[in-house]
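*Asks:* Shown below is the structure under consideration.
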Amino acid sequence: MKNDVWAGRIFYGTLIAVLLGVFAWLAGGRILQTLPFLSIGAVYAFVMYRVVPQSARAFGVMQWTLLLNYFTLISVDVADRLAIPAAAPWFVGFLVGGIIGGHTWSGRGTGAEFRPRKRVLREDGTYDGGWRLALINAACAVLLLAVGAWQLLLLSPKLAGVTVLAAATLAGWALFRFPPPLGIRNGLLLVIPVVYFALIFIGGATGQMGLPHAWAYGALAGILIGGRYWTGPRLGAPRPPFVIPGQRRRRRKRRPKARQTKPRAPKDRAVEPAAR
């Protein structure tokens with residue numbers, strides 16, 4: 001048992017050391033300049049895999065920000081607005097923080113994937129809430145809006161970018177605050193990536209490179225804001241109908257089959273010896 005514990009620690013510790021070594025080699029003489037983005041990526045991933053999974057919806061939304069943040073920082077690097085590379089250090093930091101936050105480092109489960117506490121399912125088919133889930137979702141929504149506004153200042157400091165961010169937030173909020181039937185909701189969710197790719201071409205043609213990112217950040221933040229109760233006794237609980245679990249199939253009790261008794265073959269009668 002002790003060997004397995006130390007094997008997990010050594011493996012993941014070596015992997016972190018290799019990632020940091022690659023970062024130092026690629027950064028060269030600009031380690032101090034790129035270190036803030038490495039640290040931000042590591043803290044971001046640690047919180048995402050250690051704290052955010054307590055809310056399933058927040059974790060699902062924040063998973064999409066992995067590629068979104070990376071593409072946003074690539075756009076910032078291409079525009080040369082920071083004069084230092086940001087995408088690569090952030091990505092390495094995200095990997096390091098994800099390894100640290102996504103695994104257990106002490107106790108019996110050392111080296112195994114970190115698992116948050118299980119959510120309680122109520123009798124009416126809804127999940128429990130509380131101030132903790134409300135705080136996690138609120139913090140994620142504020143972070144998304146902050147990153148969206150920050151990238152707009154660097155890439156699209158115009159009224160069009162702010163308008164897109166506000167409209168996307170309102171659209172995401174309305175979709176989950178006044179939810180349509182599930183089939184329509186799933187179709188409307190596909191509109192988010194479609195509009196994102198459309199704004200890539202529009203932003204490239206108009207010089208507003210931050211438009212697609214503003215749309216994505218705003219829509220994700222709106223989903224978190226509109227899909228949660230913020231007041232009342234159900235504070236922090238997700239709004240229906242997205243929390244209703246599917247109907248479980250009842251297992252049919254199998255009746256024990258009647259044992260089929262094979263007819264016994266009649267025993268041969270003993271042949272009486274012939275009289276002498």
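Residues in the structure tokens are numbered from 1 in each chain, the chains being A, B, ... in the order shown, and ligands are numbered from 1 in the order shown.
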Please, which residues of stretch 9-199 of chain A, numbered as in this document, come out alpha helix (DSSP H) from DSSP, as JSON, numbers by chain?
*Replies:* {"A": [9, 10, 11, 12, 13, 14, 15, 16, 17, 18, 19, 20, 21, 22, 23, 24, 25, 26, 27, 31, 32, 33, 34, 35, 36, 37, 38, 39, 40, 41, 42, 43, 44, 45, 46, 47, 48, 49, 50, 56, 57, 58, 59, 60, 61, 62, 63, 65, 66, 67, 68, 69, 70, 71, 72, 73, 74, 75, 76, 77, 78, 79, 87, 88, 89, 90, 91, 92, 93, 94, 95, 96, 97, 98, 99, 100, 101, 131, 132, 133, 134, 135, 136, 137, 138, 139, 140, 141, 142, 143, 144, 145, 146, 147, 148, 149, 150, 151, 152, 153, 154, 155, 159, 160, 161, 162, 163, 164, 165, 166, 167, 168, 169, 170, 171, 172, 173, 174, 175, 176, 177, 182, 183, 184, 185, 186, 187, 188, 189, 191, 192, 193, 194, 195, 196, 197, 198, 199]}
*Asks:* Write a file of the just-selected residues containing C-alpha atoms, as a compact mmCIF listing (two decimals), in the first residue's frame.
*Replies:*
```
# COMPACT_ATOMS: atom_id res chain seq x y z
CA ARG A 9 3.43 11.02 -5.64
CA ILE A 10 6.64 10.36 -7.52
CA PHE A 11 4.89 10.01 -10.89
CA TYR A 12 2.85 13.22 -10.68
CA GLY A 13 5.66 15.10 -8.98
CA THR A 14 8.02 14.12 -11.80
CA LEU A 15 5.43 15.15 -14.40
CA ILE A 16 5.09 18.59 -12.78
CA ALA A 17 8.87 18.97 -12.68
CA VAL A 18 9.13 18.10 -16.39
CA LEU A 19 6.45 20.66 -17.30
CA LEU A 20 8.17 23.37 -15.29
CA GLY A 21 11.50 22.44 -16.86
CA VAL A 22 10.04 22.73 -20.34
CA PHE A 23 8.57 26.10 -19.40
CA ALA A 24 11.92 27.37 -18.12
CA TRP A 25 13.66 26.15 -21.27
CA LEU A 26 11.15 27.80 -23.60
CA ALA A 27 10.96 31.03 -21.60
CA ILE A 31 11.00 33.74 -16.95
CA LEU A 32 10.15 36.59 -14.60
CA GLN A 33 8.00 38.29 -17.25
CA THR A 34 6.00 35.17 -18.12
CA LEU A 35 5.82 33.80 -14.55
CA PRO A 36 2.59 35.72 -13.71
CA PHE A 37 0.70 33.97 -16.52
CA LEU A 38 2.08 30.60 -15.36
CA SER A 39 0.92 31.32 -11.81
CA ILE A 40 -2.52 32.52 -12.94
CA GLY A 41 -3.00 29.39 -15.04
CA ALA A 42 -1.96 27.13 -12.16
CA VAL A 43 -4.28 28.80 -9.64
CA TYR A 44 -7.10 28.85 -12.19
CA ALA A 45 -6.82 25.11 -12.83
CA PHE A 46 -6.39 24.21 -9.15
CA VAL A 47 -9.57 26.05 -8.15
CA MET A 48 -11.39 24.65 -11.18
CA TYR A 49 -10.65 21.01 -10.35
CA ARG A 50 -10.68 21.25 -6.54
CA ALA A 56 -21.87 20.28 -11.77
CA ARG A 57 -23.22 23.07 -13.98
CA ALA A 58 -20.44 25.51 -13.06
CA PHE A 59 -17.81 22.85 -13.71
CA GLY A 60 -19.35 22.01 -17.09
CA VAL A 61 -19.39 25.66 -18.10
CA MET A 62 -15.87 26.37 -16.88
CA GLN A 63 -14.47 23.41 -18.79
CA THR A 65 -13.10 28.13 -20.83
CA LEU A 66 -9.95 26.03 -21.21
CA LEU A 67 -9.88 26.41 -24.98
CA LEU A 68 -11.60 29.79 -24.85
CA ASN A 69 -8.92 31.30 -22.60
CA TYR A 70 -6.19 29.75 -24.69
CA PHE A 71 -7.59 31.12 -27.97
CA THR A 72 -8.10 34.51 -26.35
CA LEU A 73 -4.48 34.67 -25.19
CA ILE A 74 -3.31 33.56 -28.63
CA SER A 75 -5.24 36.49 -30.11
CA VAL A 76 -3.57 38.80 -27.59
CA ASP A 77 -0.15 37.39 -28.52
CA VAL A 78 -0.83 37.81 -32.22
CA ALA A 79 -1.93 41.41 -31.68
CA ALA A 87 -0.77 31.75 -24.11
CA ALA A 88 2.01 29.19 -23.68
CA PRO A 89 2.88 30.06 -20.02
CA TRP A 90 -0.80 30.06 -19.11
CA PHE A 91 -1.32 26.66 -20.74
CA VAL A 92 1.67 25.12 -18.92
CA GLY A 93 0.44 26.61 -15.66
CA PHE A 94 -3.01 25.20 -16.29
CA LEU A 95 -1.55 21.71 -16.75
CA VAL A 96 0.46 22.00 -13.52
CA GLY A 97 -2.49 23.31 -11.53
CA GLY A 98 -4.79 20.70 -13.03
CA ILE A 99 -2.48 17.89 -11.90
CA ILE A 100 -2.19 19.32 -8.39
CA GLY A 101 -5.86 20.10 -7.96
CA TRP A 131 -24.70 29.45 -0.09
CA ARG A 132 -21.63 27.47 -1.15
CA LEU A 133 -23.00 26.57 -4.58
CA ALA A 134 -24.35 30.10 -5.00
CA LEU A 135 -20.94 31.55 -4.17
CA ILE A 136 -19.13 29.20 -6.59
CA ASN A 137 -21.47 30.04 -9.46
CA ALA A 138 -21.36 33.77 -8.72
CA ALA A 139 -17.56 33.77 -8.59
CA CYS A 140 -17.35 31.89 -11.90
CA ALA A 141 -19.79 34.30 -13.57
CA VAL A 142 -17.90 37.36 -12.31
CA LEU A 143 -14.62 35.84 -13.50
CA LEU A 144 -16.01 35.19 -16.97
CA LEU A 145 -17.32 38.74 -17.29
CA ALA A 146 -14.02 40.15 -15.99
CA VAL A 147 -11.94 38.17 -18.48
CA GLY A 148 -14.34 39.12 -21.28
CA ALA A 149 -14.04 42.82 -20.41
CA TRP A 150 -10.24 42.55 -20.08
CA GLN A 151 -9.77 41.03 -23.50
CA LEU A 152 -12.08 43.66 -24.99
CA LEU A 153 -9.82 46.40 -23.63
CA LEU A 154 -6.88 44.77 -25.39
CA LEU A 155 -8.50 43.67 -28.64
CA LEU A 159 -18.81 50.06 -28.37
CA ALA A 160 -19.44 47.03 -30.60
CA GLY A 161 -17.48 44.72 -28.31
CA VAL A 162 -19.27 45.91 -25.18
CA THR A 163 -22.61 45.51 -26.92
CA VAL A 164 -21.82 41.92 -27.91
CA LEU A 165 -20.71 41.06 -24.36
CA ALA A 166 -23.90 42.51 -22.86
CA ALA A 167 -26.18 40.90 -25.46
CA ALA A 168 -24.56 37.48 -25.00
CA THR A 169 -24.92 37.70 -21.22
CA LEU A 170 -28.59 38.61 -21.56
CA ALA A 171 -29.19 35.78 -24.05
CA GLY A 172 -27.56 33.16 -21.83
CA TRP A 173 -29.45 34.43 -18.79
CA ALA A 174 -32.82 34.35 -20.57
CA LEU A 175 -32.22 30.85 -21.95
CA PHE A 176 -31.76 29.37 -18.48
CA ARG A 177 -33.95 31.77 -16.52
CA LEU A 182 -35.48 20.54 -23.53
CA GLY A 183 -35.50 19.85 -27.26
CA ILE A 184 -35.69 23.55 -28.11
CA ARG A 185 -33.12 24.39 -25.44
CA ASN A 186 -30.60 21.94 -26.90
CA GLY A 187 -31.10 23.46 -30.34
CA LEU A 188 -30.61 26.98 -29.00
CA LEU A 189 -27.41 25.97 -27.25
CA VAL A 191 -26.41 28.75 -31.63
CA ILE A 192 -23.57 29.75 -29.28
CA PRO A 193 -20.73 28.09 -31.29
CA VAL A 194 -22.38 29.07 -34.59
CA VAL A 195 -22.42 32.75 -33.63
CA TYR A 196 -18.89 32.41 -32.23
CA PHE A 197 -17.47 31.28 -35.59
CA ALA A 198 -19.53 33.87 -37.45
CA LEU A 199 -18.09 36.63 -35.25
```
*Asks:* Rounded to one decimal place, report the atom CA of A:Pro238-atom CA of A:Pro181 distance in Å.
*Replies:*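 These atoms are spaced 16.2 Å apart.
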*Asks:* Just to confirm, what's the straight-line distance from atom CA of A:Leu190 to atom CA of A:Leu220 in Å (one decimal)?
*Replies:*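 Here the two named atoms are 12.8 Å from each other.
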*Asks:* Could you pull out all residues of stretch 18-263 of chain A with a DSSP call of strand (DSSP E or B) and give them as a PyMOL selection string?
*Replies:* chain A and resi 103+113+121+127+228+238
*Asks:* From the list A:Gly207, A:Pro157, A:Pro53, A:Pro85, which residue is nearest A:Arg30 when using only C-alpha atoms?
*Replies:* A:Pro85
*Asks:* Would you please work out which residue, of A:Val52, A:Pro179, A:Phe114, A:Ala205, is nearest to A:Pro240 when using only C-alpha atoms?
*Replies:*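 The shortest atom-to-atom distance to A:Pro240 comes from A:Pro179.
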*Asks:* Of the candidates A:Ile84, A:Phe201, A:Trp230, A:Ser156, which shows the shortest atom-to-atom distance to A:Ala214, using only C-alpha atoms?
*Replies:*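 Of all the options, A:Ser156 lies closest to A:Ala214.
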*Asks:* By how many Å are atom CA of A:Met209 and atom CA of A:Leu82 apart?
*Replies:* 15.2 Å
